[in-house]
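In what follows, a structure is listed as structure tokens, so that the remarks can point back to it.
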Amino acid sequence: MLVAIFLIGGALWAFAELADEVLEGDTRAFDRAVLLALRDPMNPDMPIGPGWLQAAAREITGLGGTTALALITLATTGFLLLVRKGGAAILVIVSVAGGALLSVALKAGFARPRPNLIPHAVQAYSGSFPSGHAMLATITYLTLGALLARVQAQRRVKAYLLSLAVLLSVLIGASRVYLGVHWPTDVLAGWCVGAAWALLCTSVALWLQRRGAIEPNLGA
């Protein structure tokens, strides 16, 4: 629990620092440099790399979209309810739905415009800071990874599941920058808030589990 509190505090501190730098305009040079580095110098309208890489980036970014995450959340919740794990189902719903509301609130509060240096390779409509894809992907996949890891006895299996969750979150966030729809600092902020929220929800669930408020074997 102490480690979780430390990690949550660190993630929130990193987000606060990023937000302050963004509001003051101190990240502008960094954001521009990274975005332009991912574009063909001879044709800034095109991302660097072969065509298959662009197609892969679009498919990866879809894994963090509203439709994909909603389907994953509903499917997971339905399964948990079928196996009579209501506490775990509530954890998933609260984590993802609460994270979505938090994302909307933060975007509205900061109201940062999307990058206008280069054409967007995919459609984007909401505010830019923080990245909703990076934030919600981190929340969803880390929460599910933690649930699955809790029912595994072997450490290497636990590490694999959590590493896979982190990898998916990183790839989805990176794809948003590569496709030109987010500034790099948007994605960094999304990862920070997403990790903090997922850790907070999981820690609260474990605390309730120890007090006997939810089923004693949350993930099994």
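Just so we're on the same page: first chain in the structure tokens is A, next is B, and so on; residues restart at 1 for each chain, and ligands are numbered from 1 in the order they show up.
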Those of range 1-219 of chain A in DSSP alpha helix (DSSP H), formatted as JSON, numbers by chain: {"A": [2, 3, 4, 5, 6, 7, 8, 9, 10, 11, 12, 13, 14, 15, 16, 17, 18, 19, 20, 21, 22, 23, 24, 28, 29, 30, 31, 32, 33, 34, 35, 36, 37, 51, 52, 53, 54, 55, 56, 57, 58, 59, 60, 61, 62, 66, 67, 68, 69, 70, 71, 72, 73, 74, 75, 76, 77, 78, 79, 80, 81, 82, 86, 87, 88, 89, 90, 91, 92, 93, 94, 95, 96, 97, 98, 99, 100, 101, 102, 103, 104, 105, 106, 107, 108, 109, 110, 132, 133, 134, 135, 136, 137, 138, 139, 140, 141, 142, 143, 144, 145, 146, 147, 148, 149, 150, 155, 156, 157, 158, 159, 160, 161, 162, 163, 164, 165, 166, 167, 168, 169, 170, 171, 172, 173, 174, 175, 176, 177, 178, 184, 185, 186, 187, 188, 189, 190, 191, 192, 193, 194, 195, 196, 197, 198, 199, 200, 201, 202, 203, 204, 205, 206, 207, 208, 209, 210]}
Near-range 62-78 of chain A list (8 Å; only C-alpha atoms; drop same-chain fewer than 3 positions) as a list of chain:residue names: A:Arg58, A:Glu59, A:Leu81, A:Leu82, A:Ala89, A:Ile90, A:Val92, A:Ile93, A:Val96, A:His133, A:Ala134, A:Leu136, A:Ala137, A:Thr140, A:Ile172
Filtered DSSP result for range 19-216 of chain A, state strand (DSSP E or B), as number ranges by chain: A: 39-40, 43-47
Shortest interatomic distance to Pro115 in chain A - which of A:Ala33, A:Ile8, A:Val181, A:Leu23, counting only C-alpha atoms: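 Looking at the shortest contact to Pro115 in chain A, the residue is A:Val181.
Using only C-alpha atoms for every distance, the candidate list A:Ser128, A:Ala11, A:Asn116, A:Val193 yields A:Asn116 as the residue closest to Leu36 in chain A.
The list of residues with at least one atom within 9 Å of Gly49 in chain A, based on only C-alpha atoms and without residues fewer than 3 positions apart in the same chain, reads Leu38, Arg39, Asp40, Met46, Trp52, Leu53 and Gln54 of chain A.
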Surrounding residues of Leu7 in chain A excluding itself and chain neighbours under 6 positions, 9 Å, only C-alpha atoms, as a list in words: Ala195, Ala196 and Leu199 of chain A
Selection export as a JSON list (two decimals), in the first residue's frame, atoms kept: N, CA and C atoms:
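The resulting file, part03.json, is shown below:
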```json
[["chain", "number", "residue", "atom", "x", "y", "z"],
["A", 195, "ALA", "N", -2.07, 6.12, -15.09],
["A", 195, "ALA", "CA", -1.41, 5.23, -14.15],
["A", 195, "ALA", "C", -1.85, 5.53, -12.71],
["A", 196, "ALA", "N", -1.92, 6.82, -12.38],
["A", 196, "ALA", "CA", -2.33, 7.21, -11.03],
["A", 196, "ALA", "C", -3.75, 6.74, -10.73],
["A", 199, "LEU", "N", -3.91, 2.85, -10.40],
["A", 199, "LEU", "CA", -3.33, 2.44, -9.12],
["A", 199, "LEU", "C", -4.24, 2.78, -7.96]]
```
Residue nearest Leu162 in chain A - candidates A:Ala198, A:Val187, A:Ala105, A:Ala146, atoms counted: only C-alpha atoms: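 Residue with the minimum atom-to-atom distance to Leu162 in chain A: A:Ala146.
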Atom pair CA of Ser95 in chain A / CA of Asp186 in chain A: separation (Å):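 According to the coordinates, CA of Ser95 in chain A and CA of Asp186 in chain A are separated by 20.6 Å.
Distance check against Pro130 in chain A using only C-alpha atoms: of A:Phe15, A:Phe79, A:Tyr178, A:Tyr160, the minimum falls on A:Phe15.
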Separation of CA of Gln154 in chain A from CA of Val83 in chain A, in Å and rounded to one decimal: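 Spanning CA of Gln154 in chain A to CA of Val83 in chain A is a straight-line distance of 22.7 Å.
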Minimum-distance residue to Thr27 in chain A, chosen among A:Gly9, A:Gly109, A:Pro184, A:Gly190 (using only C-alpha atoms):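 The answer is A:Pro184, which sits nearest to Thr27 in chain A.
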